[in-house]
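Structure record follows, encoded as structure tokens.
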Protein chains: 2
Amino acid sequence: MFNITILGNNSAVQAYGRNPTSQFLQAGQLGMLIDCGEGTQNQLNRFKVKPGKITHIFISHLHGDHYFGLIGLLTSMSLLGRIPDLHLYGPKALMDIIQLQLQVSESSLNFTLHFHPLEQEDIILQTENIEVSCFKVNHKIECWGFLFKEKKKKRSIDIAKAMSFGVPSSFYNNLQNGEDYIHPKGTIVANEELTLPGSAPRCYAFCADTLFDRKIIDKIKGVDLLYHETTYLKDHEDKALLRYHSTTHQAATIALEAGVKKLMIGHFSSKYESVQPFLEEAREVFDNTILAIEGSCVKIG
Amino acid sequence: MFNITILGNNSAVQAYGRNPTSQFLQAGQLGMLIDCGEGTQNQLNRFKVKPGKITHIFISHLHGDHYFGLIGLLTSMSLLGRIPDLHLYGPKALMDIIQLQLQVSESSLNFTLHFHPLEQEDIILQTENIEVSCFKVNHKIECWGFLFKEKKKKRSIDIAKAMSFGVPSSFYNNLQNGEDYIHPKGTIVANEELTLPGSAPRCYAFCADTLFDRKIIDKIKGVDLLYHETTYLKDHEDKALLRYHSTTHQAATIALEAGVKKLMIGHFSSKYESVQPFLEEAREVFDNTILAIEGSCVKIG
């Protein structure tokens, strides 16, 4: 499973029923919350994502519409009896804020919170199936994008063939990893005879808040799904630049030049009642574009 | 006008559509927000209370369900172009939290925020028409109740009589303040001849989070409306004590012994789906009890 659920798609303040940024990425057993604007715990509840499913939280930057809901979510998790550890990634000062808020309430969390401050572009999480890295984006304050990459899938075994060549099941793991089989009598059976290629590993890039900057293209080349903000429609390029945000055409240009498979746009300015024009404008440049619609669940790849 | 609108009536986490504590008290030209749990800005919007109407904010204590929505409300006010000054009252550390959150986002508020730390039981606000004081309540951490008292109403002038006695309109203000009129010829006209008593000044007491403690009775004697928390039903007295909260019977006992005119109960535990039993139980002790229902507007006095 490699799905993203949109919990909030708006910028700055809540408007027209749209909420500040938050997304939930389910990647196999991992539940990864990306950004956590005010009210995210209500949005999780609304869209039936159990907070207990969240194993990792990634905060892109410390503008309120991306993290004001975090302290409430953490304390609610604690009040509701969470036990498993939770991993939190974000700018260094995030932990100062959480610690101050726990301190003044003379309380602590019931579970262990592992904080991983973001300091440089790097791989920040490795599991058997997934690798997460962070990269800098160009915003008014320190701001991080995240790349969620499935690891190379293991080859799948053609069981009938493996049996016919007398391969013992104890060697199946080696087969999945691409090894040839050497028969006790010395004959070599090529791996390709016994296995089929695994499906291609998938990749999701979350670009947070950023102005139009081609420097990120190298980081997100060819991803299956790119989330790029479009705070403004194309006629507000000046305002976008001034406020370190992007327009529809700019996001779509990044998608096009990075050769991504699909573009998802969001972080709509509160001044727009309808977001449909965002879709129409982005598609003028990059056809395979979708809107980040709250409650929708997008399969990656 | 002396009305209170309930914006949130639940304790701890949001549940069954109920939100954490917040109330809006309109007292003449003053708009006073009392506590500000997460999502209060959405609740203001939902119940058509314009944030621009808020002139003063009072935060009882630093448990998250009473203030996590404050930073979002303040920054939204700023983003939406608020100009008038805003006065904020709360425990001292509240301002440290706000300052840290503004600092990490490298931003400031567009309007002037006057912070008044609560340090001792005192009158904290005086205007022509109202006086607000704070008093300590008995909770796990520093916690304040607030008393909102109208000032003595001016006497109303019987215009026909005043004219028949030849009182010049320049003396009307003195009449309202209770002065007798001395005619240029030396005759004295008693104030009671020319005026009628003003209506009785009204009073609202907000008791925040507290365990059952008769010490507050002196502070809230005879108020028109008392808000007292009832986190639990009467069968959970032990739990209430342990967590520094109150039950229905305890809140109603305080109302009874303080001789208040009406009791409003709220801060319901998230474990209860229906709050109707709270009303029934409280009325066993104090009949004139109402529930703090979100969106309801209660006229005081």
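Following the order of the structure tokens, first chain is A, next is B, and so on, with residues numbered from 1 inside each chain and ligands from 1 in the order they appear.
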Next on the checklist: At a cut-off of 10 Å, using only C-alpha atoms, what residues contact Leu125 in chain A? Leave out same-chain residues fewer than 2 positions from it and give the result as a ChimeraX atom specification.
Outcome noted: /A:56,87,89,116,122-123,127,130-134,148
Please, could you write that set of residues out with N, CA and C atoms as an mmCIF file, in the first residue's frame?
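That gives us out23.cif:
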data_model
loop_
_atom_site.group_PDB
_atom_site.id
_atom_site.type_symbol
_atom_site.label_atom_id
_atom_site.label_comp_id
_atom_site.auth_asym_id
_atom_site.auth_seq_id
_atom_site.Cartn_x
_atom_site.Cartn_y
_atom_site.Cartn_z
ATOM 1 N N HIS A 56 5.206 8.056 12.076
ATOM 2 C CA HIS A 56 6.196 9.101 11.836
ATOM 3 C C HIS A 56 5.478 10.399 11.460
ATOM 4 N N HIS A 87 7.985 8.962 15.929
ATOM 5 C CA HIS A 87 9.161 9.674 15.416
ATOM 6 C C HIS A 87 8.728 10.978 14.765
ATOM 7 N N TYR A 89 10.052 14.518 12.782
ATOM 8 C CA TYR A 89 11.121 15.172 12.020
ATOM 9 C C TYR A 89 10.690 16.609 11.731
ATOM 10 N N HIS A 116 13.852 14.133 15.573
ATOM 11 C CA HIS A 116 14.991 14.123 14.658
ATOM 12 C C HIS A 116 15.057 15.488 13.976
ATOM 13 N N ASP A 122 19.533 14.983 3.393
ATOM 14 C CA ASP A 122 20.061 13.670 3.757
ATOM 15 C C ASP A 122 18.934 12.643 3.745
ATOM 16 N N ILE A 123 19.323 11.374 3.828
ATOM 17 C CA ILE A 123 18.339 10.323 4.095
ATOM 18 C C ILE A 123 18.042 10.387 5.596
ATOM 19 N N THR A 127 13.859 2.093 6.243
ATOM 20 C CA THR A 127 13.305 0.843 6.767
ATOM 21 C C THR A 127 13.534 -0.213 5.693
ATOM 22 N N ILE A 130 11.250 1.253 2.724
ATOM 23 C CA ILE A 130 11.138 2.640 2.304
ATOM 24 C C ILE A 130 12.337 3.470 2.772
ATOM 25 N N GLU A 131 12.569 4.545 2.007
ATOM 26 C CA GLU A 131 13.652 5.457 2.355
ATOM 27 C C GLU A 131 13.068 6.859 2.241
ATOM 28 N N VAL A 132 13.260 7.655 3.287
ATOM 29 C CA VAL A 132 12.762 9.031 3.248
ATOM 30 C C VAL A 132 13.954 9.971 3.325
ATOM 31 N N SER A 133 13.966 10.948 2.434
ATOM 32 C CA SER A 133 15.030 11.951 2.513
ATOM 33 C C SER A 133 14.406 13.337 2.516
ATOM 34 N N CYS A 134 15.170 14.302 2.993
ATOM 35 C CA CYS A 134 14.677 15.679 3.007
ATOM 36 C C CYS A 134 15.553 16.539 2.112
ATOM 37 N N PHE A 148 9.694 10.379 -0.483
ATOM 38 C CA PHE A 148 9.368 9.069 0.078
ATOM 39 C C PHE A 148 9.546 8.037 -1.046
#
Next on the checklist: Should the cut-off be 10 Å, what would the residue list for chain A against chain B look like, counting only C-alpha atoms, as a PyMOL selection string?
Outcome noted: chain A and resi 12-15+17+19+37-42+45+61-65+68-73+75-77+79-80+91-94+96-98+100-107+140-142
Prev. selection, N, CA and C atoms, output as a short mmCIF file (atom, residue, chain, number, x, y, z; two decimals), in the first residue's frame:
data_model
loop_
_atom_site.label_atom_id
_atom_site.label_comp_id
_atom_site.auth_asym_id
_atom_site.auth_seq_id
_atom_site.Cartn_x
_atom_site.Cartn_y
_atom_site.Cartn_z
N ALA A 12 -2.49 29.38 4.97
CA ALA A 12 -2.75 30.39 6.00
C ALA A 12 -3.96 30.05 6.87
N VAL A 13 -5.09 30.70 6.65
CA VAL A 13 -6.25 30.49 7.53
C VAL A 13 -7.27 29.56 6.86
N GLN A 14 -8.11 28.94 7.68
CA GLN A 14 -9.17 28.10 7.14
C GLN A 14 -10.14 28.97 6.34
N ALA A 15 -10.61 28.47 5.21
CA ALA A 15 -11.56 29.24 4.41
C ALA A 15 -12.36 28.31 3.52
N GLY A 17 -14.37 26.10 4.06
CA GLY A 17 -14.36 24.70 4.49
C GLY A 17 -13.03 24.01 4.28
N ASN A 19 -9.03 23.38 5.05
CA ASN A 19 -8.20 23.44 6.25
C ASN A 19 -6.72 23.56 5.91
N GLY A 37 -1.40 21.23 10.33
CA GLY A 37 -2.04 22.51 10.63
C GLY A 37 -3.08 22.37 11.73
N GLU A 38 -3.53 23.50 12.25
CA GLU A 38 -4.55 23.49 13.31
C GLU A 38 -5.78 22.69 12.85
N GLY A 39 -6.25 21.83 13.73
CA GLY A 39 -7.46 21.05 13.43
C GLY A 39 -7.17 19.72 12.76
N THR A 40 -5.88 19.38 12.56
CA THR A 40 -5.56 18.12 11.89
C THR A 40 -6.16 16.93 12.63
N GLN A 41 -6.17 16.98 13.97
CA GLN A 41 -6.75 15.83 14.69
C GLN A 41 -8.23 15.66 14.36
N ASN A 42 -8.92 16.75 14.11
CA ASN A 42 -10.33 16.64 13.71
C ASN A 42 -10.45 16.09 12.29
N ASN A 45 -9.97 12.40 12.28
CA ASN A 45 -11.20 11.78 12.76
C ASN A 45 -12.27 11.78 11.66
N HIS A 61 8.02 23.12 7.91
CA HIS A 61 8.54 24.41 8.37
C HIS A 61 7.62 24.97 9.45
N LEU A 62 8.08 26.04 10.10
CA LEU A 62 7.39 26.53 11.29
C LEU A 62 6.50 27.74 11.03
N HIS A 63 5.84 27.76 9.89
CA HIS A 63 4.70 28.66 9.74
C HIS A 63 3.49 27.91 10.31
N GLY A 64 2.66 28.68 11.04
CA GLY A 64 1.60 28.06 11.82
C GLY A 64 0.68 27.14 11.05
N ASP A 65 0.39 27.47 9.79
CA ASP A 65 -0.56 26.65 9.05
C ASP A 65 0.01 25.28 8.69
N PHE A 68 0.55 24.17 13.74
CA PHE A 68 -0.18 24.56 14.95
C PHE A 68 -1.06 23.43 15.50
N GLY A 69 -1.37 22.44 14.69
CA GLY A 69 -2.18 21.31 15.18
C GLY A 69 -1.37 20.21 15.83
N LEU A 70 -0.03 20.34 15.79
CA LEU A 70 0.81 19.23 16.26
C LEU A 70 0.72 19.01 17.76
N ILE A 71 0.85 20.09 18.54
CA ILE A 71 0.86 19.92 20.00
C ILE A 71 -0.47 19.31 20.48
N GLY A 72 -1.56 19.72 19.85
CA GLY A 72 -2.87 19.15 20.20
C GLY A 72 -2.95 17.68 19.85
N LEU A 73 -2.41 17.32 18.70
CA LEU A 73 -2.44 15.92 18.29
C LEU A 73 -1.60 15.07 19.24
N THR A 75 -0.71 15.69 22.41
CA THR A 75 -1.29 15.56 23.75
C THR A 75 -2.55 14.71 23.72
N SER A 76 -3.31 14.79 22.64
CA SER A 76 -4.49 13.91 22.53
C SER A 76 -4.07 12.44 22.44
N MET A 77 -3.03 12.18 21.64
CA MET A 77 -2.53 10.79 21.55
C MET A 77 -2.19 10.27 22.94
N LEU A 79 -3.30 11.45 25.93
CA LEU A 79 -4.52 11.31 26.74
C LEU A 79 -5.30 10.06 26.36
N LEU A 80 -5.26 9.71 25.08
CA LEU A 80 -6.04 8.55 24.64
C LEU A 80 -5.26 7.24 24.79
N PRO A 91 12.19 21.19 11.77
CA PRO A 91 13.22 22.16 12.13
C PRO A 91 13.48 22.09 13.64
N LYS A 92 14.72 22.38 14.00
CA LYS A 92 15.20 22.20 15.38
C LYS A 92 14.29 22.85 16.43
N ALA A 93 13.82 24.08 16.13
CA ALA A 93 13.06 24.84 17.14
C ALA A 93 11.71 24.21 17.46
N LEU A 94 11.27 23.28 16.62
CA LEU A 94 9.96 22.65 16.86
C LEU A 94 9.93 21.98 18.23
N ASP A 96 11.67 22.77 20.84
CA ASP A 96 11.64 23.79 21.91
C ASP A 96 10.19 24.18 22.21
N ILE A 97 9.41 24.35 21.16
CA ILE A 97 8.02 24.75 21.33
C ILE A 97 7.23 23.67 22.06
N ILE A 98 7.42 22.43 21.62
CA ILE A 98 6.70 21.32 22.27
C ILE A 98 7.10 21.20 23.73
N LEU A 100 8.31 23.51 25.74
CA LEU A 100 7.78 24.62 26.53
C LEU A 100 6.30 24.40 26.85
N GLN A 101 5.56 23.93 25.86
CA GLN A 101 4.12 23.74 26.07
C GLN A 101 3.83 22.58 27.04
N LEU A 102 4.66 21.56 27.01
CA LEU A 102 4.49 20.47 27.99
C LEU A 102 4.88 20.96 29.38
N GLN A 103 5.94 21.73 29.42
CA GLN A 103 6.46 22.22 30.71
C GLN A 103 5.43 23.11 31.43
N VAL A 104 4.83 24.05 30.72
CA VAL A 104 3.88 24.96 31.39
C VAL A 104 2.63 24.23 31.86
N SER A 105 2.33 23.11 31.23
CA SER A 105 1.15 22.36 31.67
C SER A 105 1.54 21.29 32.70
N GLU A 106 2.83 21.32 33.07
CA GLU A 106 3.35 20.35 34.06
C GLU A 106 2.96 18.93 33.69
N SER A 107 3.10 18.62 32.40
CA SER A 107 2.73 17.28 31.97
C SER A 107 3.81 16.72 31.05
N LYS A 140 10.34 31.53 2.72
CA LYS A 140 10.76 32.72 3.49
C LYS A 140 11.60 32.32 4.71
N ILE A 141 11.26 31.20 5.31
CA ILE A 141 12.05 30.68 6.44
C ILE A 141 12.50 29.27 6.07
N GLU A 142 13.37 28.71 6.89
CA GLU A 142 13.86 27.34 6.68
C GLU A 142 12.68 26.42 6.37
#
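Compared by their closest atoms to Arg214 in chain A, and using only C-alpha atoms, the residues A:Val189, A:Leu242, A:Ala252, A:Ile4 rank with A:Ala252 nearest.
Interatomic distance, CA of Met95 in chain A to CA of Ala208 in chain A: 19.6 Å.
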Checklist entry - Within 10 Å of Gly8 in chain A, counting only C-alpha atoms, which residues qualify if same-chain residues fewer than 3 places away don't, as a ChimeraX atom specification? => result /A:5,11,14,17-24,35-40,43-44,65-66,266-267,292-295
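Minimum distance to Glu229 in chain B across B:Asn173, B:Ser156, B:Asn129, B:Asn138 (counting only C-alpha atoms) occurs at B:Asn138.
CA of Leu279 in chain A sits 7.9 Å away from CA of Thr248 in chain A.
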Item to check | All residues 12 Å or closer to Glu150 in chain A, only C-alpha atoms, same chain fewer than 6 positions away omitted, as a ChimeraX atom specification | outcome: /A:1-2,26-28,30,125-133,198-205,223-224,300-301
Create the file for the chosen residues now, containing N, CA and C atoms and written as a PDB file, in the first residue's frame.
ATOM      1  N   MET A   1       0.843  -1.202   0.000  1.00  0.00           N
ATOM      2  CA  MET A   1       0.000   0.000   0.000  1.00  0.00           C
ATOM      3  C   MET A   1       0.878   1.252   0.000  1.00  0.00           C
ATOM      4  N   PHE A   2       0.568   2.184  -0.885  1.00  0.00           N
ATOM      5  CA  PHE A   2       1.348   3.430  -0.971  1.00  0.00           C
ATOM      6  C   PHE A   2       0.359   4.518  -1.393  1.00  0.00           C
ATOM      7  N   GLN A  26       0.237   6.425   3.783  1.00  0.00           N
ATOM      8  CA  GLN A  26       0.316   5.040   4.276  1.00  0.00           C
ATOM      9  C   GLN A  26       1.259   4.288   3.365  1.00  0.00           C
ATOM     10  N   ALA A  27       2.360   3.829   3.910  1.00  0.00           N
ATOM     11  CA  ALA A  27       3.347   3.083   3.110  1.00  0.00           C
ATOM     12  C   ALA A  27       3.585   1.756   3.812  1.00  0.00           C
ATOM     13  N   GLY A  28       2.836   0.733   3.388  1.00  0.00           N
ATOM     14  CA  GLY A  28       2.919  -0.561   4.069  1.00  0.00           C
ATOM     15  C   GLY A  28       2.490  -0.390   5.509  1.00  0.00           C
ATOM     16  N   LEU A  30       3.925   1.552   7.650  1.00  0.00           N
ATOM     17  CA  LEU A  30       4.245   2.884   8.163  1.00  0.00           C
ATOM     18  C   LEU A  30       3.123   3.873   7.873  1.00  0.00           C
ATOM     19  N   LEU A 125      15.284   8.570   7.075  1.00  0.00           N
ATOM     20  CA  LEU A 125      14.636   7.351   7.569  1.00  0.00           C
ATOM     21  C   LEU A 125      14.851   6.216   6.573  1.00  0.00           C
ATOM     22  N   GLN A 126      15.260   5.078   7.104  1.00  0.00           N
ATOM     23  CA  GLN A 126      15.458   3.886   6.284  1.00  0.00           C
ATOM     24  C   GLN A 126      14.734   2.739   6.956  1.00  0.00           C
ATOM     25  N   THR A 127      13.859   2.093   6.243  1.00  0.00           N
ATOM     26  CA  THR A 127      13.305   0.843   6.767  1.00  0.00           C
ATOM     27  C   THR A 127      13.534  -0.213   5.693  1.00  0.00           C
ATOM     28  N   GLU A 128      13.028  -1.406   5.928  1.00  0.00           N
ATOM     29  CA  GLU A 128      13.234  -2.470   4.952  1.00  0.00           C
ATOM     30  C   GLU A 128      12.635  -2.089   3.596  1.00  0.00           C
ATOM     31  N   ASN A 129      11.513  -1.330   3.645  1.00  0.00           N
ATOM     32  CA  ASN A 129      10.772  -1.088   2.410  1.00  0.00           C
ATOM     33  C   ASN A 129      10.813   0.339   1.896  1.00  0.00           C
ATOM     34  N   ILE A 130      11.250   1.253   2.724  1.00  0.00           N
ATOM     35  CA  ILE A 130      11.138   2.640   2.304  1.00  0.00           C
ATOM     36  C   ILE A 130      12.337   3.470   2.772  1.00  0.00           C
ATOM     37  N   GLU A 131      12.569   4.545   2.007  1.00  0.00           N
ATOM     38  CA  GLU A 131      13.652   5.457   2.355  1.00  0.00           C
ATOM     39  C   GLU A 131      13.068   6.859   2.241  1.00  0.00           C
ATOM     40  N   VAL A 132      13.260   7.655   3.287  1.00  0.00           N
ATOM     41  CA  VAL A 132      12.762   9.031   3.248  1.00  0.00           C
ATOM     42  C   VAL A 132      13.954   9.971   3.325  1.00  0.00           C
ATOM     43  N   SER A 133      13.966  10.948   2.434  1.00  0.00           N
ATOM     44  CA  SER A 133      15.030  11.951   2.513  1.00  0.00           C
ATOM     45  C   SER A 133      14.406  13.337   2.516  1.00  0.00           C
ATOM     46  N   GLY A 198      10.579  -7.714  -9.841  1.00  0.00           N
ATOM     47  CA  GLY A 198       9.616  -7.115  -8.909  1.00  0.00           C
ATOM     48  C   GLY A 198       9.028  -5.865  -9.546  1.00  0.00           C
ATOM     49  N   SER A 199       7.910  -5.404  -9.007  1.00  0.00           N
ATOM     50  CA  SER A 199       7.324  -4.187  -9.585  1.00  0.00           C
ATOM     51  C   SER A 199       8.248  -3.005  -9.269  1.00  0.00           C
ATOM     52  N   ALA A 200       8.162  -1.966 -10.093  1.00  0.00           N
ATOM     53  CA  ALA A 200       9.072  -0.825  -9.949  1.00  0.00           C
ATOM     54  C   ALA A 200       8.813  -0.117  -8.620  1.00  0.00           C
ATOM     55  N   PRO A 201       9.862   0.285  -7.915  1.00  0.00           N
ATOM     56  CA  PRO A 201       9.641   1.017  -6.670  1.00  0.00           C
ATOM     57  C   PRO A 201       9.027   2.378  -6.971  1.00  0.00           C
ATOM     58  N   ARG A 202       8.126   2.815  -6.080  1.00  0.00           N
ATOM     59  CA  ARG A 202       7.390   4.061  -6.317  1.00  0.00           C
ATOM     60  C   ARG A 202       7.943   5.205  -5.466  1.00  0.00           C
ATOM     61  N   CYS A 203       7.598   6.409  -5.863  1.00  0.00           N
ATOM     62  CA  CYS A 203       8.197   7.560  -5.208  1.00  0.00           C
ATOM     63  C   CYS A 203       7.223   8.741  -5.118  1.00  0.00           C
ATOM     64  N   TYR A 204       7.137   9.341  -3.941  1.00  0.00           N
ATOM     65  CA  TYR A 204       6.279  10.507  -3.723  1.00  0.00           C
ATOM     66  C   TYR A 204       7.133  11.674  -3.236  1.00  0.00           C
ATOM     67  N   ALA A 205       6.975  12.813  -3.880  1.00  0.00           N
ATOM     68  CA  ALA A 205       7.716  14.006  -3.445  1.00  0.00           C
ATOM     69  C   ALA A 205       6.743  15.056  -2.931  1.00  0.00           C
ATOM     70  N   VAL A 223       9.482  11.324 -10.367  1.00  0.00           N
ATOM     71  CA  VAL A 223       8.695  10.689  -9.296  1.00  0.00           C
ATOM     72  C   VAL A 223       7.304  10.322  -9.808  1.00  0.00           C
ATOM     73  N   ASP A 224       6.691   9.374  -9.146  1.00  0.00           N
ATOM     74  CA  ASP A 224       5.350   8.947  -9.559  1.00  0.00           C
ATOM     75  C   ASP A 224       4.322  10.024  -9.270  1.00  0.00           C
ATOM     76  N   ILE A 300      -0.401   6.079  -5.131  1.00  0.00           N
ATOM     77  CA  ILE A 300       0.829   6.553  -5.779  1.00  0.00           C
ATOM     78  C   ILE A 300       1.351   5.461  -6.704  1.00  0.00           C
ATOM     79  N   GLY A 301       1.596   5.819  -7.967  1.00  0.00           N
ATOM     80  CA  GLY A 301       2.175   4.903  -8.934  1.00  0.00           C
ATOM     81  C   GLY A 301       1.158   3.924  -9.483  1.00  0.00           C
TER      82      GLY A 301
END
Next on the checklist: Could you pull out the strand (DSSP E or B) residues of range 2-196 of chain B, going by DSSP on the backbone, and write them as a PyMOL selection string?
Outcome noted: chain B and resi 2-8+10+15+18+20+22-27+30-34+56-58+86-90+113-117+122-126+130-136+144-150+156-157+181-182+188-189+195-196
Next on the checklist: For the structure I just gave you, how does DSSP split range 150-278 of chain A - specifically, which residues are helix (DSSP H, G or I)? Reply as a count of residues only.
Outcome noted: 48
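Of note, CA of Phe58 in chain A and CA of Ser274 in chain A are spaced 28.6 Å apart.
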